[in-house]
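Asks: My file is input-v5.txt. It has compact mmCIF, C-alpha atoms:
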# COMPACT_ATOMS: atom_id res chain seq x y z
CA GLN K 1 -28.87 -37.40 3.42
CA GLU K 2 -28.28 -38.93 -0.03
CA GLU K 3 -27.59 -35.54 -1.54
CA ALA K 4 -25.02 -34.76 1.14
CA GLN K 5 -23.35 -38.09 0.46
CA ALA K 6 -23.43 -37.43 -3.31
CA ILE K 7 -21.78 -34.01 -2.90
CA ASP K 8 -19.10 -35.54 -0.70
CA GLN K 9 -18.46 -38.26 -3.27
CA GLU K 10 -18.11 -35.72 -6.05
CA LEU K 11 -15.68 -33.61 -4.05
CA PHE K 12 -13.47 -36.65 -3.59
CA THR K 13 -13.77 -38.41 -6.95
CA GLU K 14 -14.27 -35.57 -9.44
CA TYR K 15 -12.57 -32.66 -7.74
CA LYS K 16 -9.86 -34.81 -6.20
CA PHE K 17 -10.00 -33.23 -2.77
CA SER K 18 -8.46 -35.38 -0.09
CA VAL K 19 -10.37 -36.23 3.08
CA ASP K 20 -7.51 -34.56 4.97
CA GLN K 21 -7.99 -31.26 3.15
CA LEU K 22 -11.72 -31.04 3.69
CA MET K 23 -11.58 -32.32 7.26
CA GLU K 24 -9.01 -29.66 8.13
CA LEU K 25 -11.16 -26.90 6.65
CA ALA K 26 -14.28 -28.32 8.35
CA GLY K 27 -12.64 -28.58 11.77
CA LEU K 28 -11.23 -25.07 11.43
CA SER K 29 -14.73 -23.76 10.60
CA CYS K 30 -16.11 -25.38 13.74
CA ALA K 31 -13.44 -23.87 15.97
CA THR K 32 -13.93 -20.46 14.34
CA ALA K 33 -17.71 -20.57 14.79
CA ILE K 34 -17.28 -21.56 18.44
CA ALA K 35 -14.81 -18.72 18.98
CA LYS K 36 -17.32 -16.25 17.58
CA ALA K 37 -20.29 -17.46 19.63
CA TYR K 38 -18.49 -18.37 22.87
CA PRO K 39 -15.36 -16.20 23.16
CA PRO K 40 -12.98 -17.29 25.95
CA SER K 41 -13.94 -14.21 27.98
CA SER K 42 -17.57 -15.39 28.10
CA PHE K 43 -16.84 -18.58 30.05
CA THR K 44 -18.08 -18.76 33.65
CA THR K 45 -15.56 -21.48 34.48
CA SER K 46 -12.19 -20.07 35.60
CA GLN K 47 -10.52 -21.36 32.44
CA PRO K 48 -12.11 -21.61 28.97
CA ALA K 49 -12.34 -25.40 29.28
CA VAL K 50 -14.10 -27.29 26.48
CA LEU K 51 -14.96 -31.00 26.32
CA VAL K 52 -14.78 -32.42 22.79
CA VAL K 53 -16.53 -35.76 22.40
CA CYS K 54 -15.37 -37.56 19.25
CA GLY K 55 -17.23 -40.41 17.60
CA PRO K 56 -15.90 -43.33 15.56
CA GLY K 57 -16.02 -41.76 12.09
CA ASN K 58 -15.36 -38.59 10.14
CA ASN K 59 -17.44 -36.44 12.51
CA GLY K 60 -14.98 -37.50 15.21
CA GLY K 61 -12.12 -36.51 12.93
CA ASP K 62 -13.70 -33.07 12.47
CA GLY K 63 -13.80 -32.89 16.28
CA LEU K 64 -10.07 -33.65 16.58
CA VAL K 65 -9.20 -30.89 14.11
CA CYS K 66 -11.58 -28.54 15.93
CA ALA K 67 -9.95 -29.32 19.29
CA ARG K 68 -6.50 -28.50 17.90
CA HIS K 69 -7.63 -25.14 16.54
CA LEU K 70 -9.51 -24.34 19.76
CA LYS K 71 -6.21 -24.79 21.57
CA MET K 72 -4.55 -22.33 19.23
CA PHE K 73 -7.40 -19.88 19.77
CA GLY K 74 -6.71 -19.89 23.51
CA TYR K 75 -9.21 -22.47 24.79
CA LEU K 76 -8.35 -25.49 26.96
CA PRO K 77 -9.87 -28.45 25.14
CA THR K 78 -10.05 -31.99 26.51
CA VAL K 79 -10.95 -34.84 24.18
CA TYR K 80 -12.90 -38.03 24.81
CA TYR K 81 -12.27 -40.47 21.96
CA PRO K 82 -13.35 -43.99 22.90
CA LYS K 83 -13.52 -45.65 19.46
CA ARG K 84 -10.57 -44.81 17.24
CA PRO K 85 -10.34 -46.03 13.62
CA SER K 86 -6.90 -47.49 12.91
CA LYS K 87 -6.33 -45.35 9.85
CA PRO K 88 -3.36 -43.03 9.37
CA LEU K 89 -5.61 -39.97 9.06
CA PHE K 90 -7.15 -40.42 12.52
CA GLU K 91 -3.91 -41.60 14.11
CA GLY K 92 -2.21 -38.49 12.74
CA LEU K 93 -4.92 -36.16 14.04
CA THR K 94 -4.75 -37.81 17.47
CA THR K 95 -0.96 -37.40 17.60
CA GLN K 96 -1.26 -33.75 16.58
CA CYS K 97 -3.62 -33.16 19.52
CA GLU K 98 -1.47 -35.11 21.98
CA LYS K 99 1.64 -33.20 20.93
CA MET K 100 -0.24 -29.96 21.55
CA ASP K 101 -0.82 -31.10 25.15
CA ILE K 102 -4.53 -31.72 24.66
CA PRO K 103 -5.52 -34.34 27.25
CA PHE K 104 -7.50 -37.41 26.25
CA LEU K 105 -9.83 -38.65 29.00
CA PRO K 106 -9.61 -42.38 29.83
CA GLU K 107 -13.26 -42.43 30.87
CA PHE K 108 -16.34 -40.41 30.19
CA PRO K 109 -17.60 -38.40 33.20
CA THR K 110 -20.36 -40.48 34.77
CA GLU K 111 -22.58 -37.59 35.79
CA ALA K 112 -23.80 -34.63 33.77
CA GLU K 113 -23.06 -32.45 36.85
CA PHE K 114 -19.35 -33.24 36.61
CA ILE K 115 -19.30 -32.00 33.03
CA ASP K 116 -21.18 -28.84 34.02
CA GLU K 117 -18.62 -28.14 36.75
CA LEU K 118 -15.47 -28.72 34.74
CA TYR K 119 -16.32 -27.39 31.29
CA GLY K 120 -17.96 -24.28 29.91
CA LEU K 121 -18.86 -25.89 26.57
CA VAL K 122 -19.21 -29.36 25.07
CA VAL K 123 -18.49 -30.07 21.40
CA ASP K 124 -20.58 -32.93 20.03
CA ALA K 125 -18.49 -34.57 17.30
CA ILE K 126 -20.03 -38.01 17.66
CA PHE K 127 -22.18 -38.69 14.61
CA GLY K 128 -22.43 -36.87 11.32
CA PHE K 129 -24.55 -36.91 8.21
CA SER K 130 -23.87 -40.57 7.39
CA PHE K 131 -25.46 -41.72 10.62
CA LYS K 132 -28.14 -44.35 10.19
CA GLY K 133 -29.83 -46.83 12.46
CA ALA K 134 -29.23 -47.59 16.10
CA VAL K 135 -26.75 -45.88 18.38
CA ARG K 136 -24.10 -48.33 19.58
CA GLU K 137 -22.39 -48.24 22.94
CA PRO K 138 -20.64 -46.43 24.42
CA PHE K 139 -22.36 -43.62 22.59
CA GLY K 140 -25.86 -44.42 23.85
CA SER K 141 -24.88 -43.73 27.46
CA ILE K 142 -22.74 -40.76 26.43
CA LEU K 143 -25.70 -39.17 24.66
CA SER K 144 -27.98 -39.83 27.67
CA THR K 145 -25.50 -37.99 29.87
CA LEU K 146 -25.12 -35.16 27.39
CA GLU K 147 -28.88 -34.74 27.23
CA ARG K 148 -28.78 -33.83 30.94
CA VAL K 149 -25.85 -31.40 30.69
CA THR K 150 -26.73 -27.73 31.25
CA VAL K 151 -23.67 -26.07 29.71
CA PRO K 152 -24.03 -25.25 26.00
CA ILE K 153 -23.45 -28.00 23.46
CA ALA K 154 -22.15 -27.24 19.97
CA SER K 155 -22.93 -30.00 17.49
CA ILE K 156 -20.86 -30.57 14.38
CA ASP K 157 -23.09 -30.95 11.30
CA ILE K 158 -25.88 -32.99 12.90
CA PRO K 159 -26.89 -33.17 16.57
CA SER K 160 -25.74 -36.69 17.37
CA GLY K 161 -28.47 -39.26 17.62
CA TRP K 162 -30.83 -37.23 15.44
CA ASP K 163 -32.25 -38.68 12.25
CA VAL K 164 -30.33 -36.78 9.54
CA GLU K 165 -33.56 -35.65 7.91
CA LYS K 166 -36.27 -35.74 10.57
CA GLY K 167 -34.42 -34.78 13.75
CA LYS K 168 -35.26 -36.22 17.16
CA ALA K 169 -37.67 -34.39 19.40
CA ASP K 170 -36.58 -36.14 22.62
CA GLY K 171 -32.88 -36.20 21.71
CA LEU K 172 -29.94 -33.85 22.21
CA GLN K 173 -30.87 -30.15 22.16
CA PRO K 174 -27.66 -28.32 21.29
CA ASP K 175 -27.26 -24.57 21.72
CA MET K 176 -25.17 -24.33 18.55
CA LEU K 177 -25.17 -26.18 15.26
CA ILE K 178 -22.35 -25.86 12.75
CA SER K 179 -23.68 -27.12 9.41
CA LEU K 180 -20.86 -28.21 7.13
CA THR K 181 -21.01 -27.55 3.39
CA ALA K 182 -24.78 -26.92 3.50
CA PRO K 183 -27.45 -27.34 6.19
CA LYS K 184 -29.03 -30.78 6.30
CA LYS K 185 -32.77 -31.32 6.49
CA ALA K 186 -32.53 -31.99 10.23
CA ALA K 187 -31.42 -28.37 10.69
CA THR K 188 -35.03 -27.26 10.27
CA HIS K 189 -35.68 -28.87 13.67
CA PHE K 190 -32.75 -27.07 15.31
CA ALA K 191 -33.97 -24.90 18.15
CA GLY K 192 -30.72 -23.60 19.66
CA ARG K 193 -29.39 -20.06 19.65
CA TYR K 194 -26.59 -20.26 17.09
CA HIS K 195 -26.65 -21.82 13.63
CA PHE K 196 -23.43 -21.37 11.66
CA LEU K 197 -22.46 -22.56 8.22
CA GLY K 198 -18.93 -23.84 7.74
CA GLY K 199 -16.87 -25.73 5.18
CA ARG K 200 -16.25 -22.91 2.74
CA PHE K 201 -14.84 -25.16 0.04
CA VAL K 202 -17.76 -26.03 -2.21
CA PRO K 203 -16.85 -25.04 -5.78
CA PRO K 204 -19.39 -22.73 -7.47
CA ALA K 205 -20.17 -25.34 -10.13
CA LEU K 206 -21.10 -27.88 -7.46
CA GLN K 207 -23.26 -25.36 -5.63
CA GLU K 208 -25.18 -24.78 -8.84
CA LYS K 209 -25.49 -28.43 -9.71
CA TYR K 210 -27.15 -29.23 -6.40
CA ALA K 211 -28.99 -25.89 -6.18
CA LEU K 212 -27.54 -25.29 -2.75
CA ASN K 213 -28.41 -21.56 -2.74
CA LEU K 214 -25.83 -20.85 -0.08
CA PRO K 215 -25.74 -17.29 1.17
CA ALA K 216 -22.48 -15.38 0.77
CA TYR K 217 -19.76 -15.76 3.36
CA PRO K 218 -18.51 -12.44 4.74
CA GLY K 219 -15.13 -11.42 3.30
CA THR K 220 -12.50 -14.07 3.87
CA ASP K 221 -14.30 -15.67 6.85
CA CYS K 222 -14.61 -19.42 6.82
CA VAL K 223 -17.93 -19.35 8.68
CA LEU K 224 -21.25 -17.62 8.19
CA GLN K 225 -23.71 -17.02 10.99
CA LEU K 226 -27.17 -18.06 9.81
CA THR K 227 -29.01 -17.32 13.09
CA GLN R 1 -6.23 -8.57 3.43
CA ALA R 2 -3.62 -6.60 1.53
CA PHE R 3 -5.71 -6.17 -1.60
CA PRO R 4 -9.39 -6.23 -0.64
CA LEU R 5 -11.81 -6.57 -3.55
CA PRO R 6 -13.17 -2.99 -3.44
CA SER R 7 -9.61 -1.61 -3.58
CA LEU R 8 -8.64 -3.22 -6.89
CA PRO R 9 -7.98 -0.82 -9.77
CA ARG R 10 -9.13 -3.04 -12.65
CA LYS R 11 -12.79 -3.67 -13.44
CA GLN R 12 -12.41 -7.40 -12.80
CA PRO R 13 -10.64 -8.75 -9.69
CA THR R 14 -8.02 -10.57 -11.73
CA VAL R 15 -4.87 -11.98 -10.17
CA LEU R 16 -2.07 -13.86 -11.90
CA VAL R 17 -0.62 -16.74 -9.88
CA ALA R 18 2.79 -17.88 -11.12
CA CYS R 19 3.57 -21.37 -9.81
CA GLY R 20 6.96 -23.03 -9.81
CA PRO R 21 7.63 -26.77 -10.06
CA ALA R 22 8.02 -27.56 -6.35
CA GLN R 23 6.31 -26.99 -3.01
CA ASN R 24 6.16 -23.20 -3.32
CA GLY R 25 4.22 -23.67 -6.57
CA ALA R 26 1.84 -26.14 -4.93
CA ILE R 27 1.12 -23.61 -2.20
CA GLY R 28 0.35 -21.16 -5.00
CA LEU R 29 -2.22 -23.60 -6.40
CA VAL R 30 -3.98 -23.86 -3.04
CA CYS R 31 -3.83 -20.07 -2.72
CA ALA R 32 -5.44 -19.66 -6.16
CA ARG R 33 -8.29 -21.97 -5.18
CA HIS R 34 -9.03 -19.98 -2.03
CA LEU R 35 -8.77 -16.70 -3.95
CA ARG R 36 -11.48 -18.06 -6.23
CA THR R 37 -13.63 -18.88 -3.17
CA PHE R 38 -13.09 -15.29 -2.02
CA ASP R 39 -14.48 -14.10 -5.40
CA TYR R 40 -11.23 -13.06 -7.02
CA GLU R 41 -10.56 -14.18 -10.59
CA PRO R 42 -7.24 -15.98 -10.48
CA THR R 43 -5.39 -17.20 -13.55
CA ILE R 44 -2.55 -19.66 -13.08
CA PHE R 45 0.71 -19.98 -14.96
CA TYR R 46 2.15 -23.40 -14.10
CA PRO R 47 4.61 -24.34 -16.83
CA LYS R 48 6.45 -27.20 -15.12
CA ARG R 49 4.03 -29.44 -13.30
CA SER R 50 5.11 -31.62 -10.44
CA PRO R 51 4.43 -35.36 -10.74
CA ASP R 52 3.62 -35.52 -7.00
CA PRO R 53 0.07 -36.95 -6.69
CA LEU R 54 -0.90 -34.42 -4.03
CA TYR R 55 0.16 -31.52 -6.23
CA ARG R 56 -1.56 -33.09 -9.24
CA ASP R 57 -4.78 -33.17 -7.20
CA PHE R 58 -4.34 -29.49 -6.33
CA THR R 59 -4.14 -28.83 -10.08
CA THR R 60 -7.36 -30.79 -10.72
CA GLN R 61 -9.13 -28.91 -7.94
CA CYS R 62 -8.20 -25.62 -9.58
CA GLU R 63 -9.20 -26.77 -13.06
CA LYS R 64 -12.57 -27.99 -11.78
CA MET R 65 -13.11 -24.61 -10.13
CA ASP R 66 -12.82 -23.07 -13.62
CA ILE R 67 -9.52 -21.37 -12.92
CA PRO R 68 -7.77 -20.89 -16.29
CA PHE R 69 -4.22 -22.09 -16.79
CA LEU R 70 -2.15 -19.98 -19.19
CA SER R 71 -0.20 -21.92 -21.78
CA TYR R 72 2.48 -19.27 -21.94
CA LEU R 73 3.48 -16.16 -20.05
CA PRO R 74 3.51 -13.03 -22.19
CA THR R 75 7.00 -11.57 -22.36
CA GLU R 76 5.40 -8.23 -23.19
CA VAL R 77 5.19 -6.88 -19.66
CA GLN R 78 2.54 -4.31 -20.50
CA LEU R 79 0.08 -7.11 -21.26
CA ILE R 80 0.46 -8.40 -17.71
CA ASN R 81 0.23 -4.91 -16.22
CA ASP R 82 -3.00 -4.31 -18.11
CA ALA R 83 -4.71 -7.63 -17.49
CA TYR R 84 -4.13 -8.22 -13.80
CA ASN R 85 -4.37 -6.32 -10.52
CA ALA R 86 -1.56 -8.21 -8.83
CA VAL R 87 0.75 -11.17 -9.27
CA VAL R 88 1.26 -13.95 -6.74
CA ASP R 89 4.86 -15.14 -6.88
CA ALA R 90 4.78 -18.83 -5.96
CA VAL R 91 7.72 -19.73 -8.14
CA LEU R 92 10.54 -20.58 -5.78
CA GLY R 93 10.64 -21.04 -2.05
CA ALA R 94 13.26 -21.40 0.65
CA GLU R 95 14.41 -24.79 -0.57
CA ALA R 96 15.36 -23.60 -4.03
CA GLU R 97 19.03 -23.88 -4.79
CA VAL R 98 19.60 -24.14 -8.50
CA GLY R 99 15.99 -23.56 -9.45
CA GLU R 100 16.60 -19.94 -10.12
CA GLY R 101 18.95 -20.53 -12.98
CA ARG R 102 16.84 -23.19 -14.63
CA GLU R 103 14.06 -22.69 -17.09
CA PRO R 104 11.28 -21.91 -17.00
CA CYS R 105 11.77 -20.15 -13.66
CA ALA R 106 14.50 -17.88 -14.94
CA ALA R 107 12.30 -16.59 -17.76
CA ILE R 108 9.33 -16.03 -15.42
CA LEU R 109 11.50 -14.10 -13.00
CA ALA R 110 13.03 -12.05 -15.79
CA THR R 111 9.54 -10.94 -16.81
CA LEU R 112 8.33 -10.36 -13.24
CA LYS R 113 11.27 -8.06 -12.56
CA HIS R 114 9.80 -5.55 -15.00
CA ILE R 115 6.12 -5.55 -14.15
CA ARG R 116 4.61 -2.58 -12.41
CA ILE R 117 1.62 -4.13 -10.69
CA PRO R 118 2.12 -5.36 -7.10
CA ILE R 119 3.75 -8.71 -6.45
CA VAL R 120 2.89 -10.88 -3.46
CA SER R 121 5.67 -13.37 -2.75
CA LEU R 122 5.04 -16.60 -0.90
CA ASP R 123 7.67 -17.26 1.77
CA VAL R 124 10.72 -16.07 -0.13
CA PRO R 125 10.78 -13.61 -3.04
CA SER R 126 11.62 -15.98 -5.87
CA GLY R 127 15.19 -15.73 -6.96
CA TRP R 128 16.34 -14.37 -3.63
CA ASP R 129 18.75 -16.41 -1.56
CA ALA R 130 16.71 -17.57 1.45
CA GLU R 131 19.33 -16.19 3.82
CA SER R 132 21.16 -13.28 2.26
CA GLY R 133 18.37 -11.86 0.19
CA GLY R 134 18.65 -10.65 -3.33
CA SER R 135 19.96 -7.76 -5.25
CA GLY R 136 18.63 -7.12 -8.69
CA GLY R 137 15.90 -9.65 -8.19
CA ILE R 138 12.17 -9.09 -7.92
CA SER R 139 10.89 -6.53 -5.43
CA PRO R 140 7.60 -7.71 -4.01
CA ASP R 141 5.05 -5.35 -2.54
CA VAL R 142 3.83 -7.93 -0.05
CA LEU R 143 5.63 -10.87 1.54
CA VAL R 144 3.80 -13.74 3.22
CA SER R 145 6.25 -15.65 5.39
CA LEU R 146 5.19 -19.25 5.93
CA ALA R 147 5.61 -20.71 9.41
CA ALA R 148 8.17 -18.04 10.32
CA PRO R 149 10.10 -15.31 8.47
CA LYS R 150 13.28 -16.43 6.72
CA GLU R 151 16.59 -14.62 7.11
CA CYS R 152 16.18 -12.87 3.78
CA ALA R 153 12.99 -11.19 5.05
CA ARG R 154 15.22 -8.62 6.71
CA ARG R 155 15.94 -7.27 3.23
CA PHE R 156 12.26 -7.01 2.36
CA LEU R 157 11.40 -3.43 1.50
CA GLY R 158 7.80 -3.75 0.40
CA ARG R 159 4.61 -2.44 1.92
CA GLN R 160 3.32 -5.32 4.01
CA HIS R 161 4.87 -8.36 5.63
CA PHE R 162 2.51 -11.05 6.88
CA VAL R 163 3.31 -14.19 8.83
CA ALA R 164 1.17 -17.28 8.32
CA GLY R 165 2.28 -19.64 11.04
CA ARG R 166 -0.53 -20.08 13.45
CA PHE R 167 -0.49 -23.83 12.94
CA LEU R 168 2.90 -24.28 14.62
CA PRO R 169 2.64 -26.26 17.86
CA TYR R 170 4.07 -24.53 20.95
CA ASP R 171 6.92 -26.93 21.47
CA VAL R 172 8.14 -26.35 17.90
CA GLN R 173 7.96 -22.59 18.47
CA LYS R 174 9.97 -22.92 21.69
CA LYS R 175 12.49 -25.36 20.28
CA PHE R 176 13.39 -23.04 17.44
CA GLU R 177 12.95 -19.87 19.50
CA LEU R 178 10.55 -18.46 17.00
CA ASN R 179 8.83 -15.93 19.28
CA PRO R 180 5.83 -15.54 17.03
CA PRO R 181 3.57 -12.51 17.34
CA GLU R 182 0.01 -12.73 18.66
CA TYR R 183 -2.56 -13.56 16.05
CA PRO R 184 -5.72 -11.45 16.30
CA GLY R 185 -8.94 -13.34 17.05
CA THR R 186 -9.24 -16.39 14.83
CA GLU R 187 -7.06 -15.00 12.00
CA CYS R 188 -4.48 -17.29 10.45
CA VAL R 189 -2.19 -14.43 9.37
CA VAL R 190 -0.80 -11.42 11.18
CA ALA R 191 0.74 -8.30 9.68
CA LEU R 192 4.17 -7.56 11.11
Reformat the file's structure so that it appears as structure tokens.
Replies:
Amino acid sequence: QEEAQAIDQELFTEYKFSVDQLMELAGLSCATAIAKAYPPSSFTTSQPAVLVVCGPGNNGGDGLVCARHLKMFGYLPTVYYPKRPSKPLFEGLTTQCEKMDIPFLPEFPTEAEFIDELYGLVVDAIFGFSFKGAVREPFGSILSTLERVTVPIASIDIPSGWDVEKGKADGLQPDMLISLTAPKKAATHFAGRYHFLGGRFVPPALQEKYALNLPAYPGTDCVLQLT
Amino acid sequence: QAFPLPSLPRKQPTVLVACGPAQNGAIGLVCARHLRTFDYEPTIFYPKRSPDPLYRDFTTQCEKMDIPFLSYLPTEVQLINDAYNAVVDAVLGAEAEVGEGREPCAAILATLKHIRIPIVSLDVPSGWDAESGGSGGISPDVLVSLAAPKECARRFLGRQHFVAGRFLPYDVQKKFELNPPEYPGTECVVAL
């Protein structure tokens, strides 16, 4: 977890990347990975409807970017975003989604069955690699509901609620994990079908410094399928 | 897509990216960074740097990715032909009015007119009028129209014309009657 935070810090302070730049590339990776693993034609629901659940921090921001790109790729995303930071970055991302006619739910579906009926996929953009400590409401109940959902869940960077290093045996079991920048320790506990790497922006010098040993991305793709 | 790595004639996948002082140049900086990620070896010529903090950060990102910045552009065209596989023209965009006549853009364009390796122009071939096109200006091999093709793209005679505009929201597309083509899969560019 500390290493991930250190890499992030270096990207912002030494390399002068803006949060906007990296978040856009991260969100685009997530949408691209989803499009590869769950093409619109594979959905059993009549429309390729996707529920994107966004948390209160940067992972939520990644989710907003992902939702926007999913719309452009032909999906029908719906966002649930209960705790919104009042920062221009997140307000901007929200507006971009709204102006693309992406609905924002006023309430979270109360039953897992409702989610299963309406959506073919759920994107978990609740908590990321900075997550520590207890899960605060409303996310505790949201995660309990998601744990009972049967449609596939794609988690951005870390399955929400998991310890970033040790995982959580009785927690969320996503079908897909999109690791951003590099897989975190928790990824060793990932048991779903699809593990993608995204966030193709780490400069070679930084990869060497932290001995990331990232495999090569294919061609100009922004994602790499690991499993 | 237009110049995949295995297709390059030179031993090293070198590309020269010529960046002007405004937005078109900044886009060139971002392009250079991604080319580096794609394993090309870009070199940047950026004689007149913008004071805009965003563009200054783009410059830092490139420097920290070990992308060299030339201190001068050789006027001897053969040197450029020999050293690089292609040139990215990110000198002037659609907003340029008097930029063409001013240094250092005029000198860059004068040199680029005589090179024989392919040129990829970003949005508008530099020196062309964004609407009527250009005569006697540079003749790029590849044009990448940003958002949507400009009027002058009708005069483009090169090999490949790409549009990079997948980010445009639908209501903007409708409002300006852009009628964009379908983008394949998850690609962000489409060849016209």
Asks: CA of Ala37 in chain K to CA of Ser160 in chain K: how many Å, to one decimal?
Replies: 20.1 Å
Asks: From the set K:Phe190, K:Phe108, K:Phe139, K:Phe131, which residue has the shortest atom-to-atom contact distance to Val164 in chain K, counting all atoms listed in the file?
Replies: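 Under the stated criterion, the closest residue is K:Phe131.
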Asks: Taking (-18.7, -21.9, 19.1) as a centre in this file's frame and 9 Å as the limit, can you find every polymer residue with an atom that close, using only C-alpha atoms, and give them as a list of chain:residue names?
Replies: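 These residues have at least one counted atom within 9 Å: K:Cys30, K:Ala31, K:Thr32, K:Ala33, K:Ile34, K:Ala35, K:Lys36, K:Ala37, K:Tyr38, K:Pro39, K:Leu121, K:Val123, K:Ile153, K:Ala154, K:Met176, K:Leu177, K:Ile178, K:Tyr194, K:Phe196.
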Asks: Using all atoms listed in the file, give me every residue within 6 Å of (-1.7, -12.0, -8.5) in file coordinates, as a count of residues only.
Replies: 6
Asks: What's around Ala112 in chain K at 7 Å? Count only C-alpha atoms, leave out sequence neighbours fewer than 4 positions away in its own chain, and write the answer as an MDAnalysis selection string.
Replies: chainID K and resid 116 145:146 148:149
Asks: Distance table requested - chain R against chain K, cut-off 7 Å, only C-alpha atoms: one row per qualifying residue with the closest atom pair and its distance in Å to one decimal, ordered by chain and rising residue number, as CSV.
Replies:
residue,atom,partner,partner_atom,distance
R:Phe38,CA,K:Thr220,CA,6.0
R:Asp57,CA,K:Lys16,CA,5.4
R:Thr60,CA,K:Tyr15,CA,6.3
R:Gln61,CA,K:Tyr15,CA,5.1
R:Lys64,CA,K:Tyr15,CA,6.2
R:Met65,CA,K:Pro203,CA,5.8
R:Pro169,CA,K:Met100,CA,6.0
R:Tyr170,CA,K:Met100,CA,7.0
R:Thr186,CA,K:Thr32,CA,6.2
Asks: How many Å separate CA of Gly27 in chain K from CA of Val122 in chain K?
Replies: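 Calculated distance between CA of Gly27 in chain K and CA of Val122 in chain K is 14.9 Å.
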Asks: What is the CA of Gly198 in chain K to CA of His161 in chain R distance in Å?
Replies: 28.5 Å
Asks: Enclose range 49-59 of chain K, meaning all of its atoms listed in the file, in a box aligned along x, y and z, pad it by 8 Å on each side, and list the centre and edge lengths in Å to one decimal, as JSON.
Replies:
{"center_x": -14.9, "center_y": -34.4, "center_z": 19.7, "size_x": 21.1, "size_y": 33.9, "size_z": 35.1}
Asks: Which residues are close to range 18-30 of chain R, i.e. within 6 Å by only C-alpha atoms, leaving aside same-chain residues fewer than 3 positions away? Reply as a list in words.
Replies: Arg33, Ile44, Phe45, Tyr46, Lys48, Arg49, Ser50, Tyr55, Asp89, Ala90, Val91, Leu92 and Gly93 of chain R
Asks: Excluding range 2-13 of chain R and residues on its chain fewer than 2 positions from it, collect all residues at most 12 Å away from it, counting all atoms listed in the file, and give them as a ChimeraX atom specification.
Replies: /K:219-220 /R:15-16,35-36,38-43,81-88,117-120,141-144,158-162,189-191
Asks: Put those residues in a file: C-alpha atoms, as an mmCIF file, keeping the file's coordinate frame.
Replies:
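Result written to again.cif:
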data_model
loop_
_atom_site.group_PDB
_atom_site.id
_atom_site.type_symbol
_atom_site.label_atom_id
_atom_site.label_comp_id
_atom_site.auth_asym_id
_atom_site.auth_seq_id
_atom_site.Cartn_x
_atom_site.Cartn_y
_atom_site.Cartn_z
ATOM 1 C CA GLY K 219 -15.130 -11.420 3.300
ATOM 2 C CA THR K 220 -12.500 -14.070 3.870
ATOM 3 C CA VAL R 15 -4.870 -11.980 -10.170
ATOM 4 C CA LEU R 16 -2.070 -13.860 -11.900
ATOM 5 C CA LEU R 35 -8.770 -16.700 -3.950
ATOM 6 C CA ARG R 36 -11.480 -18.060 -6.230
ATOM 7 C CA PHE R 38 -13.090 -15.290 -2.020
ATOM 8 C CA ASP R 39 -14.480 -14.100 -5.400
ATOM 9 C CA TYR R 40 -11.230 -13.060 -7.020
ATOM 10 C CA GLU R 41 -10.560 -14.180 -10.590
ATOM 11 C CA PRO R 42 -7.240 -15.980 -10.480
ATOM 12 C CA THR R 43 -5.390 -17.200 -13.550
ATOM 13 C CA ASN R 81 0.230 -4.910 -16.220
ATOM 14 C CA ASP R 82 -3.000 -4.310 -18.110
ATOM 15 C CA ALA R 83 -4.710 -7.630 -17.490
ATOM 16 C CA TYR R 84 -4.130 -8.220 -13.800
ATOM 17 C CA ASN R 85 -4.370 -6.320 -10.520
ATOM 18 C CA ALA R 86 -1.560 -8.210 -8.830
ATOM 19 C CA VAL R 87 0.750 -11.170 -9.270
ATOM 20 C CA VAL R 88 1.260 -13.950 -6.740
ATOM 21 C CA ILE R 117 1.620 -4.130 -10.690
ATOM 22 C CA PRO R 118 2.120 -5.360 -7.100
ATOM 23 C CA ILE R 119 3.750 -8.710 -6.450
ATOM 24 C CA VAL R 120 2.890 -10.880 -3.460
ATOM 25 C CA ASP R 141 5.050 -5.350 -2.540
ATOM 26 C CA VAL R 142 3.830 -7.930 -0.050
ATOM 27 C CA LEU R 143 5.630 -10.870 1.540
ATOM 28 C CA VAL R 144 3.800 -13.740 3.220
ATOM 29 C CA GLY R 158 7.800 -3.750 0.400
ATOM 30 C CA ARG R 159 4.610 -2.440 1.920
ATOM 31 C CA GLN R 160 3.320 -5.320 4.010
ATOM 32 C CA HIS R 161 4.870 -8.360 5.630
ATOM 33 C CA PHE R 162 2.510 -11.050 6.880
ATOM 34 C CA VAL R 189 -2.190 -14.430 9.370
ATOM 35 C CA VAL R 190 -0.800 -11.420 11.180
ATOM 36 C CA ALA R 191 0.740 -8.300 9.680
#
Asks: Do a neighbour search on Val77 in chain R at 8 Å with all atoms listed in the file, toss out local chain neighbours closer than 2 positions, and write the hits as a PyMOL selection string.
Replies: chain R and resi 74-75+79-81+111-112+114-115
Asks: Using only C-alpha atoms, pick whichever of R:Arg155, R:Lys175, R:Lys150, R:Arg102 has the shortest atom-to-atom distance to Asp123 in chain R.
Replies: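 Once distances to Asp123 in chain R are computed over only C-alpha atoms, the minimum belongs to R:Lys150.
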Asks: Pick the closest to Lys166 in chain K from K:Val151, K:Val223, K:Ala191, K:Ala186: which is it, counting only C-alpha atoms?
Replies: K:Ala186
Asks: May I have the residues within 9 Å of range 212-215 of chain K as a list of chain:residue names, using all atoms listed in the file and disregarding those fewer than 5 positions away in the same chain?
Replies: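 What passes the distance filter is K:Thr181, K:Ala182, K:Leu206, K:Gln207, K:Leu224, K:Leu226.
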